[in-house]
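Structure data follow from model-v3.csv (CSV, C-alpha atoms):
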```
chain,number,residue,atom,x,y,z
A,663,MET,CA,-33.2,-5.9,-7.9
A,664,ASN,CA,-31.1,-2.8,-8.3
A,665,ALA,CA,-32.7,-0.7,-11.0
A,666,ASP,CA,-29.3,-0.1,-12.5
A,667,SER,CA,-28.3,-3.7,-12.7
A,668,ILE,CA,-28.9,-6.4,-15.4
A,669,SER,CA,-31.8,-8.8,-14.7
A,670,VAL,CA,-31.6,-12.4,-15.9
A,671,ILE,CA,-34.8,-14.5,-15.6
A,672,LYS,CA,-35.3,-18.0,-17.0
A,673,VAL,CA,-38.5,-18.5,-18.8
A,674,ARG,CA,-38.9,-22.1,-20.0
A,675,ASP,CA,-35.7,-22.7,-22.0
A,676,ILE,CA,-35.0,-19.1,-22.6
A,677,LEU,CA,-33.0,-16.5,-20.6
A,678,MET,CA,-34.7,-13.2,-20.5
A,679,VAL,CA,-32.0,-10.6,-20.0
A,680,THR,CA,-33.0,-7.0,-19.4
A,681,MET,CA,-30.6,-4.1,-19.6
A,682,PRO,CA,-31.1,-1.0,-17.5
A,683,PRO,CA,-31.5,2.4,-19.3
A,684,ASP,CA,-28.1,3.8,-18.6
A,685,PRO,CA,-25.7,1.2,-17.3
A,686,ASP,CA,-22.2,2.1,-16.3
A,687,ASP,CA,-19.2,0.3,-17.8
A,688,PRO,CA,-18.8,-2.3,-15.0
A,689,THR,CA,-22.5,-3.2,-15.3
A,690,VAL,CA,-22.1,-3.6,-19.1
A,691,SER,CA,-19.0,-5.8,-18.5
A,692,ALA,CA,-21.0,-8.0,-16.1
A,693,LEU,CA,-23.4,-8.9,-18.9
A,694,GLN,CA,-21.0,-11.6,-20.3
A,695,ASP,CA,-20.5,-13.3,-17.0
A,696,LYS,CA,-24.1,-13.3,-16.0
A,697,VAL,CA,-25.4,-14.6,-19.3
A,698,LEU,CA,-22.8,-17.3,-19.7
A,699,SER,CA,-23.1,-18.6,-16.2
A,700,ALA,CA,-26.9,-18.6,-16.5
A,701,MET,CA,-26.7,-20.5,-19.8
A,702,GLU,CA,-24.7,-23.2,-18.1
A,703,ARG,CA,-26.8,-23.3,-14.9
A,704,TYR,CA,-30.2,-23.5,-16.6
A,705,GLU,CA,-29.1,-25.3,-19.7
A,706,ALA,CA,-30.9,-22.6,-21.7
A,707,LYS,CA,-31.5,-22.8,-25.4
A,708,GLY,CA,-31.0,-19.1,-26.0
A,709,VAL,CA,-31.1,-15.6,-24.8
A,710,VAL,CA,-33.5,-12.8,-25.5
A,711,LEU,CA,-31.7,-9.5,-24.7
A,712,ASP,CA,-34.2,-6.8,-24.0
A,713,ILE,CA,-32.6,-3.4,-24.7
A,714,SER,CA,-35.9,-1.5,-25.0
A,715,SER,CA,-35.1,0.8,-22.2
A,716,VAL,CA,-31.5,1.5,-23.3
A,717,GLU,CA,-31.1,5.1,-24.4
A,718,THR,CA,-27.4,5.1,-25.4
A,719,LEU,CA,-25.6,2.3,-27.3
A,720,ASP,CA,-22.0,3.3,-27.7
A,721,SER,CA,-19.1,1.2,-29.1
A,722,PHE,CA,-18.2,-0.3,-25.8
A,723,PHE,CA,-21.7,-1.5,-25.1
A,724,ALA,CA,-22.2,-2.7,-28.7
A,725,ARG,CA,-18.9,-4.7,-28.6
A,726,THR,CA,-19.9,-6.3,-25.3
A,727,VAL,CA,-23.3,-7.3,-26.6
A,728,SER,CA,-21.8,-8.7,-29.8
A,729,GLU,CA,-19.1,-10.7,-28.0
A,730,THR,CA,-21.5,-12.1,-25.5
A,731,ALA,CA,-23.8,-13.3,-28.4
A,732,GLN,CA,-20.8,-14.9,-30.1
A,733,MET,CA,-20.0,-16.8,-26.8
A,734,VAL,CA,-23.6,-17.9,-26.4
A,735,THR,CA,-23.4,-19.2,-30.0
A,736,LEU,CA,-20.3,-21.2,-29.1
A,737,MET,CA,-22.2,-22.7,-26.1
A,738,GLY,CA,-24.9,-23.8,-28.5
A,739,GLY,CA,-27.4,-21.1,-27.8
A,740,ARG,CA,-29.1,-18.4,-29.7
A,741,THR,CA,-29.2,-14.7,-29.0
A,742,ILE,CA,-32.0,-12.3,-30.1
A,743,ILE,CA,-31.6,-8.6,-29.4
A,744,ALA,CA,-35.1,-7.1,-28.7
A,745,GLY,CA,-36.5,-3.7,-28.7
A,746,MET,CA,-33.9,-1.3,-29.9
A,747,ARG,CA,-35.3,2.2,-29.9
A,748,PRO,CA,-35.4,4.1,-33.2
A,749,ALA,CA,-33.0,6.9,-32.1
A,750,VAL,CA,-30.6,4.2,-30.9
A,751,ALA,CA,-30.8,2.4,-34.2
A,752,VAL,CA,-30.2,5.6,-36.2
A,753,THR,CA,-27.2,6.5,-34.0
A,754,ALA,CA,-25.7,3.0,-34.0
A,755,THR,CA,-25.9,2.9,-37.8
A,756,GLU,CA,-24.3,6.3,-38.3
A,757,ILE,CA,-21.5,5.5,-35.9
A,758,GLY,CA,-20.8,2.3,-37.9
A,759,LEU,CA,-21.8,-0.2,-35.2
A,760,THR,CA,-22.9,-3.6,-36.4
A,761,LEU,CA,-24.0,-6.4,-34.1
A,762,GLY,CA,-22.4,-9.0,-36.4
A,763,ASN,CA,-25.0,-11.6,-37.4
A,764,ILE,CA,-27.0,-11.5,-34.2
A,765,GLU,CA,-30.7,-11.8,-34.7
A,766,THR,CA,-32.9,-8.9,-33.8
A,767,ALA,CA,-36.6,-8.4,-33.0
A,768,LEU,CA,-38.8,-5.4,-32.7
A,769,SER,CA,-40.0,-6.4,-29.2
A,770,VAL,CA,-39.6,-9.1,-26.6
A,771,ASP,CA,-42.9,-10.6,-27.8
A,772,ARG,CA,-41.6,-11.0,-31.4
A,773,ALA,CA,-38.3,-12.4,-30.0
A,774,LEU,CA,-40.2,-15.1,-28.1
A,775,ASP,CA,-42.2,-15.9,-31.2
A,776,MET,CA,-38.9,-16.3,-33.1
A,777,VAL,CA,-37.5,-18.6,-30.4
A,778,THR,CA,-40.5,-20.8,-30.2
A,779,SER,CA,-40.7,-21.1,-34.0
A,780,LYS,CA,-38.1,-23.1,-36.0
A,781,PRO,CA,-34.5,-22.8,-34.9
A,782,ARG,CA,-32.0,-20.8,-36.7
A,783,SER,CA,-29.8,-22.7,-39.1
A,784,LYS,CA,-27.2,-20.1,-39.9
A,785,LYS,CA,-23.7,-20.9,-38.7
A,786,LEU,CA,-21.4,-18.8,-36.7
A,787,GLN,CA,-19.2,-16.7,-39.0
B,148,MET,CA,-31.7,26.6,-22.6
B,149,ASN,CA,-30.1,29.9,-23.5
B,150,ALA,CA,-26.7,30.4,-25.1
B,151,ALA,CA,-25.3,31.4,-21.7
B,152,ALA,CA,-26.0,28.1,-20.0
B,153,GLN,CA,-22.9,26.0,-19.2
B,154,GLY,CA,-21.4,23.5,-16.8
B,155,GLU,CA,-18.7,20.9,-16.3
B,156,VAL,CA,-18.3,17.3,-15.1
B,157,GLN,CA,-15.0,15.9,-13.7
B,158,ILE,CA,-14.4,12.5,-15.2
B,159,GLN,CA,-12.3,10.4,-12.9
B,160,THR,CA,-14.2,7.2,-12.5
B,161,GLU,CA,-16.4,5.0,-14.6
B,162,SER,CA,-19.6,6.3,-12.9
B,163,ASP,CA,-18.5,9.8,-14.0
B,164,ILE,CA,-19.0,8.7,-17.6
B,165,VAL,CA,-22.7,8.0,-16.7
B,166,ILE,CA,-22.9,11.4,-15.0
B,167,ALA,CA,-21.4,13.0,-18.2
B,168,ARG,CA,-24.0,11.3,-20.4
B,169,ARG,CA,-26.9,12.4,-18.1
B,170,THR,CA,-25.6,16.0,-18.0
B,171,VAL,CA,-25.3,16.1,-21.8
B,172,ARG,CA,-28.7,14.5,-22.3
B,173,GLU,CA,-30.4,17.1,-20.1
B,174,ALA,CA,-28.5,20.0,-21.7
B,175,ALA,CA,-29.2,18.8,-25.2
B,176,ALA,CA,-32.9,18.3,-24.5
B,177,GLN,CA,-33.1,21.8,-23.0
B,178,THR,CA,-31.5,23.2,-26.1
B,179,GLY,CA,-34.5,21.8,-28.0
B,180,PHE,CA,-32.7,19.0,-29.9
B,181,ASN,CA,-35.1,16.2,-31.0
B,182,LEU,CA,-34.7,12.7,-29.5
B,183,THR,CA,-32.5,11.4,-32.3
B,184,ASP,CA,-30.1,14.3,-32.1
B,185,VAL,CA,-30.0,14.1,-28.3
B,186,THR,CA,-29.1,10.4,-28.7
B,187,ARG,CA,-26.4,11.3,-31.2
B,188,ILE,CA,-24.9,13.9,-28.9
B,189,VAL,CA,-25.1,11.7,-25.8
B,190,THR,CA,-23.5,8.8,-27.7
B,191,ALA,CA,-20.6,11.0,-28.9
B,192,SER,CA,-20.0,12.3,-25.4
B,193,SER,CA,-20.1,8.8,-24.0
B,194,GLU,CA,-17.3,7.7,-26.4
B,195,LEU,CA,-15.2,10.8,-25.6
B,196,ALA,CA,-15.8,10.6,-21.8
B,197,ARG,CA,-14.6,7.0,-21.8
B,198,ASN,CA,-11.5,8.0,-23.8
B,199,LEU,CA,-10.7,10.5,-21.1
B,200,PHE,CA,-11.0,7.9,-18.4
B,201,LYS,CA,-9.2,5.1,-20.3
B,202,TYR,CA,-6.4,6.8,-22.1
B,203,ALA,CA,-5.8,10.0,-20.2
B,204,GLY,CA,-6.4,9.0,-16.6
B,205,GLY,CA,-9.3,11.4,-16.3
B,206,GLY,CA,-10.1,14.9,-17.2
B,207,VAL,CA,-13.0,17.3,-17.5
B,208,MET,CA,-16.0,17.7,-19.8
B,209,ARG,CA,-17.3,21.2,-20.3
B,210,TRP,CA,-20.5,22.0,-22.0
B,211,ARG,CA,-22.2,25.3,-23.0
B,212,GLY,CA,-25.0,26.5,-25.1
B,213,ILE,CA,-23.9,28.3,-28.2
B,214,GLU,CA,-25.7,30.6,-30.7
B,215,ASP,CA,-24.8,31.7,-34.2
B,216,LYS,CA,-27.0,34.0,-36.3
B,217,GLY,CA,-30.1,32.9,-34.3
B,218,CYS,CA,-29.2,29.2,-34.5
B,219,LEU,CA,-28.9,27.4,-31.2
B,220,GLY,CA,-26.5,24.6,-30.5
B,221,ILE,CA,-24.4,22.9,-27.9
B,222,GLU,CA,-20.6,22.8,-27.5
B,223,LEU,CA,-18.8,20.1,-25.6
B,224,GLN,CA,-15.1,20.1,-24.7
B,225,PHE,CA,-13.2,17.1,-23.3
B,226,ILE,CA,-9.9,18.3,-21.8
B,227,ASP,CA,-7.2,16.1,-20.3
B,228,GLN,CA,-3.6,16.3,-19.2
B,229,GLY,CA,-2.9,12.9,-20.6
B,230,PRO,CA,-0.2,11.6,-23.0
B,231,GLY,CA,-1.6,13.5,-26.0
B,232,ILE,CA,-2.3,12.2,-29.5
B,233,PRO,CA,0.8,12.1,-31.7
B,234,ASP,CA,-1.2,11.9,-35.0
B,235,THR,CA,-4.7,13.4,-34.7
B,236,GLY,CA,-5.4,12.5,-38.4
B,237,LEU,CA,-4.7,8.9,-37.7
B,238,ALA,CA,-6.8,8.9,-34.5
B,239,LEU,CA,-9.8,10.0,-36.6
B,240,GLN,CA,-9.3,7.1,-39.0
B,241,GLU,CA,-11.8,4.3,-38.9
B,242,GLY,CA,-10.5,1.2,-37.1
B,243,TYR,CA,-7.4,2.8,-35.7
B,244,SER,CA,-6.9,2.0,-32.0
B,245,THR,CA,-4.0,2.0,-29.6
B,246,GLY,CA,-6.1,0.4,-26.9
B,247,ASP,CA,-8.4,-2.6,-26.9
B,248,GLY,CA,-11.3,-0.7,-28.4
B,249,LEU,CA,-12.9,-1.1,-31.8
B,250,GLY,CA,-11.1,2.1,-33.0
B,251,MET,CA,-14.5,3.6,-33.7
B,252,GLY,CA,-14.9,5.9,-30.7
B,253,LEU,CA,-13.4,9.0,-32.1
B,254,PRO,CA,-14.3,8.7,-35.8
B,255,GLY,CA,-17.8,7.5,-34.7
B,256,ALA,CA,-18.2,10.5,-32.5
B,257,LYS,CA,-17.2,12.8,-35.4
B,258,ARG,CA,-19.9,11.5,-37.6
B,259,LEU,CA,-22.6,12.2,-34.9
B,260,VAL,CA,-21.8,15.9,-34.6
B,261,ASP,CA,-21.4,18.9,-36.9
B,262,GLU,CA,-17.9,19.8,-35.9
B,263,LEU,CA,-15.1,18.0,-34.1
B,264,GLU,CA,-11.7,19.6,-33.5
B,265,ILE,CA,-8.7,18.0,-31.8
B,266,GLN,CA,-5.9,20.0,-30.2
B,267,SER,CA,-3.3,17.8,-28.8
B,268,VAL,CA,0.3,18.3,-27.6
B,269,VAL,CA,2.3,15.1,-26.8
B,270,GLY,CA,3.1,14.9,-23.2
B,271,LYS,CA,0.8,17.8,-22.3
B,272,GLY,CA,-2.7,16.8,-23.1
B,273,THR,CA,-5.6,16.9,-25.4
B,274,LYS,CA,-8.6,19.1,-25.9
B,275,ILE,CA,-11.4,17.8,-28.1
B,276,THR,CA,-14.2,20.3,-29.0
B,277,LEU,CA,-17.4,19.3,-30.6
B,278,LYS,CA,-20.4,21.2,-31.8
B,279,LYS,CA,-23.9,20.3,-32.8
B,280,TRP,CA,-26.4,22.8,-34.2
B,281,ARG,CA,-30.1,22.5,-33.9
B,282,LYS,CA,-31.9,22.3,-37.2
B,283,SER,CA,-34.4,25.1,-37.1
```
Could I get this structure in the form of structure tokens?
Amino acid sequence: MNADSISVIKVRDILMVTMPPDPDDPTVSALQDKVLSAMERYEAKGVVLDISSVETLDSFFARTVSETAQMVTLMGGRTIIAGMRPAVAVTATEIGLTLGNIETALSVDRALDMVTSKPRSKKLQ
Amino acid sequence: MNAAAQGEVQIQTESDIVIARRTVREAAAQTGFNLTDVTRIVTASSELARNLFKYAGGGVMRWRGIEDKGCLGIELQFIDQGPGIPDTGLALQEGYSTGDGLGMGLPGAKRLVDELEIQSVVGKGTKITLKKWRKS
């Protein structure tokens, strides 16, 4: 795997998607395609998006993540964003970025706990 | 980093946006900004570098170390010969976008730095200057 590309691994019913630290725009754009085609191929129940190595979350990146999560929801899946760094969370809040109603988790471990516990009932808004 | 340090990055392709981010990250870290401030500056530069690429067909990012009364900081300039911004006040408004963006690039960047100034002439180009000072 190229260190600068997105990795998608199926673990049981879940897609573990890992973002590289500093992806260029085409790599970010590829997120949607990779995740949606893997959802279909593996009949996954949901996606855990690991952004723990991501150092910069700008508006383009945030929008792509948010749209991808919406699409996963439409396909009947669930998305949990895991591992946002503190400095990234501060900056994202100040810049006014929201990730819609996507679930978040402190770490991939916590995200997996969430997925294996009861499913989320909240509807797509 | 001392106040004389400076450099520039040509922004013509999408990978140049990544190079701009890395350059700014290194320069800001060397100025002694903490990680949160480094992230703020890098995020602002990412928004503006992308604007150069998307709306102006490319341009140049210049950075330099600055000093005022013993206070250190960093100045970034994003210069293009693009179409220009007819109404700079409007461009800084939340949610305003001529492209397919969220309209939060420029106003978002402004909130992450201490100063942001836009000089733009329609048909000639745009120069956006931003400054961030280190809290001593």
**OP:** May I ask you to extract the residues of chain B within 12 Å of chain A, using only C-alpha atoms, and to give them as a ChimeraX atom specification?
**Re:** /B:160-169,171-172,181-198,200-201,241-242,247-260
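Separating atom CA of A:Ala706 from atom CA of A:Gln694 is a distance of 14.9 Å.
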Subject >> Coordinates-based distance that separates atom CA of B:Gln224 from atom CA of B:Gln266 (Å, one decimal) >> reply: 10.7 Å
**OP:** Could you please determine the separation between atom CA of B:Gln159 and atom CA of B:Arg211 in Å, to one decimal place?
**Re:**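 Atom-to-atom, atom CA of B:Gln159 to atom CA of B:Arg211, that is 20.5 Å.
Nearest residue to A:Gly739 among A:Val710, A:Ile668, A:Leu693, A:Val770 is A:Val710, counting all atoms listed in the file.
In terms of minimum interatomic distance to A:Gln732, A:Asn763 ranks closest within A:Asn763, A:Ser691, A:Ser699, A:Ser769, counting only C-alpha atoms.
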Contacts of B:Thr276 at 6 Å or less, counting only C-alpha atoms, minus same-chain residues fewer than 2 places along, as a CSV table (one decimal) with C-alpha atoms, in the frame of the given file?
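Once everything was written out, this is selection.csv:
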```csv
chain,number,residue,atom,x,y,z
B,223,LEU,CA,-18.8,20.1,-25.6
B,224,GLN,CA,-15.1,20.1,-24.7
B,263,LEU,CA,-15.1,18.0,-34.1
B,264,GLU,CA,-11.7,19.6,-33.5
```
**OP:** Would you please work out which residue, of A:Ala700, A:Val673, A:Ile742, A:Ala692, is nearest to A:Gly762 when using only C-alpha atoms?
**Re:** A:Ile742
Need the shell around B:Asp261: protein/DNA/RNA residues with any atom at most 8 Å away, counting all atoms listed in the file. Skip same-chain ones fewer than 6 positions apart. Format as a compact mmCIF listing (two decimals) with C-alpha atoms, in the coordinates of the input?
```
# COMPACT_ATOMS: atom_id res chain seq x y z
CA LEU B 277 -17.40 19.30 -30.60
CA LYS B 278 -20.40 21.20 -31.80
CA LYS B 279 -23.90 20.30 -32.80
CA TRP B 280 -26.40 22.80 -34.20
```
Original post:
Pick from B:Phe180, B:Lys274, B:Gly205, B:Thr170: nearest to B:Cys218, with only C-alpha atoms counted?
Top reply: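 Checking each of B:Phe180, B:Lys274, B:Gly205, B:Thr170 against B:Cys218, counting only C-alpha atoms, the winner is B:Phe180.
Using all atoms listed in the file, the smallest distance between any of B:Gly212, B:Gly231, B:Gly154, B:Gly204 and B:Arg281 comes from B:Gly212.
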**OP:** For A:Ser714, please output as number ranges by chain all residues within 7 Å (counting all atoms listed in the file; exclusion window: fewer than 3 positions along the same chain).
**Re:** A: 744-747
